[in-house]
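Heads up, run06.cif below (mmCIF, C-alpha atoms):
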data_structure
#
loop_
_atom_site.label_atom_id
_atom_site.label_comp_id
_atom_site.auth_asym_id
_atom_site.auth_seq_id
_atom_site.Cartn_x
_atom_site.Cartn_y
_atom_site.Cartn_z
CA MET A 1 68.97 -22.81 76.81
CA MET A 2 67.78 -22.87 80.45
CA LYS A 3 65.92 -19.59 79.92
CA ALA A 4 64.09 -21.06 76.91
CA ALA A 5 63.18 -24.21 78.88
CA ALA A 6 61.93 -22.12 81.80
CA SER A 7 59.85 -19.95 79.44
CA LEU A 8 58.39 -23.04 77.78
CA LEU A 9 57.52 -24.56 81.17
CA PHE A 10 55.94 -21.27 82.33
CA PHE A 11 53.87 -21.12 79.13
CA ALA A 12 52.81 -24.75 79.46
CA VAL A 13 51.79 -24.34 83.10
CA THR A 14 49.76 -21.19 82.42
CA ALA A 15 48.12 -22.65 79.28
CA VAL A 16 46.59 -25.66 81.03
CA SER A 17 43.96 -25.94 83.69
CA GLY A 18 45.99 -28.12 86.04
CA PHE A 19 49.06 -30.26 86.36
CA GLN A 20 50.52 -32.83 88.67
CA ILE A 21 53.78 -34.63 89.17
CA ALA A 22 53.18 -38.31 88.47
CA PRO A 23 55.66 -40.99 89.53
CA ASN A 24 57.06 -43.16 86.75
CA GLY A 25 59.15 -45.82 88.41
CA PRO A 26 62.37 -44.23 89.65
CA ALA A 27 61.75 -41.17 87.45
CA SER A 28 58.98 -38.56 87.50
CA ARG A 29 57.05 -36.67 84.88
CA ILE A 30 54.73 -33.71 84.85
CA VAL A 31 51.28 -34.51 83.49
CA ALA A 32 49.01 -31.66 82.48
CA GLU A 33 45.33 -31.44 81.72
CA SER A 34 43.66 -29.05 79.33
CA SER A 35 40.20 -28.61 77.92
CA THR A 36 39.51 -28.61 74.20
CA LEU A 37 36.35 -28.42 72.14
CA ILE A 38 35.99 -32.18 72.42
CA GLY A 39 36.75 -32.50 76.14
CA PRO A 40 39.59 -32.71 78.62
CA LYS A 41 42.94 -34.03 77.49
CA SER A 42 45.96 -35.24 79.42
CA PHE A 43 49.44 -34.92 78.06
CA GLN A 44 52.98 -35.18 79.27
CA LEU A 45 55.04 -31.99 79.35
CA PHE A 46 58.36 -33.75 79.79
CA ALA A 47 59.79 -36.93 81.19
CA SER A 48 63.09 -37.93 82.63
CA SER A 49 62.65 -41.40 81.13
CA PRO A 50 60.79 -42.63 78.05
CA THR A 51 57.15 -43.68 78.45
CA SER A 52 54.58 -45.19 76.14
CA GLU A 53 52.51 -42.66 74.20
CA SER A 54 49.29 -44.47 75.11
CA GLU A 55 50.16 -44.66 78.81
CA THR A 56 47.69 -42.64 80.84
CA SER A 57 47.22 -44.64 84.00
CA ASP A 58 49.32 -44.69 87.11
CA SER A 59 48.60 -45.09 90.78
CA ALA A 60 48.28 -41.31 91.28
CA THR A 61 45.42 -40.95 88.79
CA GLU A 62 43.65 -44.31 89.03
CA SER A 63 40.02 -43.97 90.11
CA LYS A 64 38.33 -46.28 92.58
CA ALA A 65 36.15 -47.64 89.75
CA GLN A 66 39.26 -48.45 87.73
CA GLY A 67 40.84 -50.13 90.75
CA ILE A 68 37.77 -52.34 91.21
CA LEU A 69 37.70 -53.23 87.50
CA ASP A 70 41.41 -54.03 87.69
CA GLU A 71 40.60 -56.51 90.47
CA PHE A 72 38.05 -58.17 88.16
CA HIS A 73 40.77 -58.41 85.50
CA ALA A 74 43.35 -59.79 87.94
CA SER A 75 40.90 -62.46 89.17
CA ASN A 76 41.25 -64.26 85.81
CA LEU A 77 37.65 -65.49 86.27
CA PRO A 78 35.02 -65.70 83.52
CA PHE A 79 32.10 -63.28 83.66
CA ARG A 80 28.84 -63.00 81.78
CA ILE A 81 29.31 -59.45 80.48
CA VAL A 82 26.03 -57.64 79.84
CA VAL A 83 26.21 -54.22 78.19
CA ILE A 84 23.03 -52.20 77.94
CA GLY A 85 23.02 -49.72 75.06
CA ASN A 86 20.52 -47.42 73.45
CA GLY A 87 18.12 -49.96 71.93
CA ALA A 88 20.42 -52.98 72.16
CA ILE A 89 21.83 -55.38 74.73
CA LEU A 90 25.07 -57.31 74.24
CA GLU A 91 25.84 -60.42 76.27
CA THR A 92 28.92 -62.61 76.16
CA THR A 93 30.92 -64.76 78.54
CA SER A 94 34.63 -64.03 78.82
CA LYS A 95 37.48 -63.29 81.16
CA LEU A 96 38.37 -59.60 81.38
CA GLY A 97 41.56 -59.87 79.39
CA PRO A 98 44.20 -61.14 79.22
CA LYS A 99 44.99 -57.62 77.98
CA SER A 100 44.08 -54.55 80.00
CA LYS A 101 44.88 -50.96 79.05
CA SER A 102 43.91 -47.50 80.23
CA SER A 103 43.71 -44.73 77.64
CA VAL A 104 41.98 -41.50 76.70
CA SER A 105 39.62 -41.48 73.72
CA PRO A 106 41.01 -39.16 71.04
CA LYS A 107 37.45 -38.37 69.88
CA THR A 108 35.69 -37.64 73.19
CA GLY A 109 38.44 -37.20 75.75
CA ASP A 110 36.79 -39.88 77.94
CA LYS A 111 39.06 -42.06 80.06
CA LEU A 112 38.69 -45.65 78.85
CA LEU A 113 39.63 -48.92 80.45
CA THR A 114 39.87 -51.64 77.80
CA PHE A 115 39.91 -55.38 78.35
CA ALA A 116 40.76 -57.42 75.26
CA SER A 117 41.41 -60.95 74.14
CA GLU A 118 44.97 -61.79 73.08
CA ASP A 119 44.18 -61.23 69.37
CA ALA A 120 41.86 -58.24 70.13
CA SER A 121 38.94 -60.03 68.44
CA PHE A 122 37.00 -59.16 71.60
CA GLU A 123 37.29 -55.77 73.29
CA PHE A 124 35.31 -54.40 76.22
CA HIS A 125 35.71 -50.63 76.69
CA VAL A 126 34.48 -48.97 79.90
CA LYS A 127 34.22 -45.20 80.36
CA VAL A 128 35.38 -45.37 83.98
CA ASP A 129 34.66 -41.74 84.85
CA GLN A 130 30.97 -42.29 84.04
CA ILE A 131 30.63 -44.98 86.73
CA THR A 132 29.03 -43.43 89.82
CA LYS A 133 27.97 -46.58 91.68
CA ILE A 134 28.97 -50.25 91.76
CA THR A 135 26.80 -52.85 93.46
CA PHE A 136 27.65 -56.41 94.50
CA VAL A 137 24.58 -58.63 94.76
CA THR A 138 24.25 -62.33 95.58
CA SER A 139 20.84 -63.89 94.94
CA GLU A 140 19.26 -67.27 94.32
CA ARG A 141 17.62 -67.88 90.95
CA PRO A 142 15.12 -70.74 90.73
CA LEU A 143 15.68 -73.24 87.92
CA PRO A 144 12.92 -75.13 86.05
CA ASP A 145 13.91 -78.42 87.72
CA GLY A 146 13.18 -76.99 91.18
CA GLU A 147 16.86 -76.45 92.00
CA SER A 148 18.35 -72.97 92.35
CA LYS A 149 21.46 -71.24 91.08
CA THR A 150 23.44 -68.67 93.05
CA MET A 151 23.94 -65.49 91.01
CA ARG A 152 26.84 -63.17 91.85
CA VAL A 153 26.25 -59.91 90.00
CA SER A 154 28.19 -56.65 89.90
CA ARG A 155 26.32 -53.71 88.39
CA PHE A 156 28.05 -50.57 87.18
CA LEU A 157 25.69 -47.57 87.19
CA ASN A 158 25.90 -44.06 85.73
CA GLU A 159 24.89 -40.77 87.37
CA LYS A 160 21.21 -41.32 86.45
CA GLY A 161 21.28 -44.69 88.22
CA ASP A 162 20.99 -46.50 84.88
CA PRO A 163 23.07 -49.64 84.37
CA MET A 164 26.08 -49.23 82.07
CA CYS A 165 26.99 -52.90 82.33
CA CYS A 166 26.76 -55.93 84.58
CA LEU A 167 29.42 -58.52 85.28
CA ILE A 168 27.87 -61.82 86.36
CA LEU A 169 30.34 -64.33 87.77
CA ALA A 170 30.15 -67.28 85.35
CA ASP A 171 32.18 -69.70 87.48
CA SER A 172 30.33 -71.36 90.36
CA SER A 173 33.39 -72.88 92.06
CA ASP A 174 34.09 -72.30 95.74
CA GLU A 175 37.20 -70.31 94.81
CA SER A 176 35.13 -67.96 92.62
CA ALA A 177 32.48 -67.56 95.33
CA GLN A 178 35.22 -66.71 97.86
CA TRP A 179 36.67 -64.10 95.48
CA PHE A 180 33.25 -62.44 95.01
CA ASP A 181 32.47 -62.58 98.74
CA GLY A 182 35.88 -60.99 99.39
CA MET A 183 35.03 -58.12 97.02
CA ASN A 184 31.72 -57.68 98.84
CA GLU A 185 33.45 -57.65 102.23
CA ARG A 186 36.14 -55.20 101.05
CA TYR A 187 33.82 -52.72 99.32
CA GLY A 188 30.36 -53.45 100.75
CA GLN A 189 27.24 -54.16 98.72
CA GLU A 190 27.20 -50.64 97.29
CA VAL A 191 30.14 -48.45 96.30
CA ASN A 192 29.28 -44.80 95.71
CA LEU A 193 31.90 -43.02 93.65
#
Have the structure of the file written as structure tokens, please.
Amino acid sequence: MMKAAASLLFFAVTAVSGFQIAPNGPASRIVAESSTLIGPKSFQLFASSPTSESETSDSATESKAQGILDEFHASNLPFRIVVIGNGAILETTSKLGPKSKSSVSPKTGDKLLTFASEDASFEFHVKVDQITKITFVTSERPLPDGESKTMRVSRFLNEKGDPMCCLILADSSDESAQWFDGMNERYGQEVNL
């Protein structure tokens, strides 16, 4: 039995392009990566405790972009979410959540971070590995009545420098402004990934 397990582990290690030991609470698991025709895949070779099949995120593999997006989620603040697509722009105002999940697309192999409403009637999927820069900008926008509005905008850019999406803080309270200013102090106005 041990010989068969060792042979299987040897085969699995030599058949994939890389592997790492990822902590899972008090237990550990070996996570492997391979490339297929549709892109890289991650899978679990074995675990010493059960894990969710859709679980792909842990502190060892979380990217900086995902960490920043997780802070947006944890803030529980509303954002004007602007997604720029090929020939279309989608805008809505929502909190990022309450649900948040990291996964790998079965079609493309892209790592996704999903924020969803409780009933999943609204979902916002972000391909976190395509984010190469995040900017935090505070600016004044003049209003028709002569007043001005403070805009707190986070832009998520791809490798070409094109915007993937923008998160505009929709709450103008002092608490929200302090949260955004704290993000700006922690990461700077520009985060290169």
- Any idea what the distance is between atom CA of A:Ile134 and atom CA of A:Lys101?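 Rounded to one decimal, the two atoms are 20.4 Å apart.
For the atom pair formed by atom CA of A:Arg152 and atom CA of A:Val83, the distance is 16.3 Å, given to one decimal.
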- Message: Can you spell out as a PyMOL selection string the set of residues that the PyMOL selection byres ((chain A and resi 176-188) around 12) selects in the structure I just provided?
- Response: chain A and resi 64-65+67-69+71-72+74-79+133-138+150-154+167-175+189-193
- Query: Which distance in Å separates atom CA of A:His73 and atom CA of A:Leu143, to one decimal?
  - Reply: 29.2 Å
Test item: the PyMOL selection byres ((chain A and resi 116) around 10) resolved as a tab-separated table (two decimals) with C-alpha atoms, in the coordinates of the input:
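Saved to selection.tsv:
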chain	number	residue	atom	x	y	z
A	94	SER	CA	34.63	-64.03	78.82
A	95	LYS	CA	37.48	-63.29	81.16
A	96	LEU	CA	38.37	-59.60	81.38
A	97	GLY	CA	41.56	-59.87	79.39
A	98	PRO	CA	44.20	-61.14	79.22
A	99	LYS	CA	44.99	-57.62	77.98
A	100	SER	CA	44.08	-54.55	80.00
A	101	LYS	CA	44.88	-50.96	79.05
A	114	THR	CA	39.87	-51.64	77.80
A	115	PHE	CA	39.91	-55.38	78.35
A	117	SER	CA	41.41	-60.95	74.14
A	118	GLU	CA	44.97	-61.79	73.08
A	119	ASP	CA	44.18	-61.23	69.37
A	120	ALA	CA	41.86	-58.24	70.13
A	121	SER	CA	38.94	-60.03	68.44
A	122	PHE	CA	37.00	-59.16	71.60
A	123	GLU	CA	37.29	-55.77	73.29
A	124	PHE	CA	35.31	-54.40	76.22
A	125	HIS	CA	35.71	-50.63	76.69
- Please evaluate the PyMOL selection byres ((chain A and resi 161) around 12) against the structure above and give the resulting residues as a count of residues only. 17
Given 6 Å of margin on each side, can you work out the centre and size in Å (one decimal) of an axis-aligned box holding every listed atom of stretch 122-125 of chain A, as AutoDock Vina command-line options?
--center_x 36.3 --center_y -54.9 --center_z 74.1 --size_x 14.0 --size_y 20.5 --size_z 17.1
- Would you mind telling me which residue in A:Cys166, A:Thr108, A:Ser102, A:Glu140 lies nearest to A:Gln66 when using only C-alpha atoms?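 For A:Gln66, the nearest of the candidates is A:Ser102.
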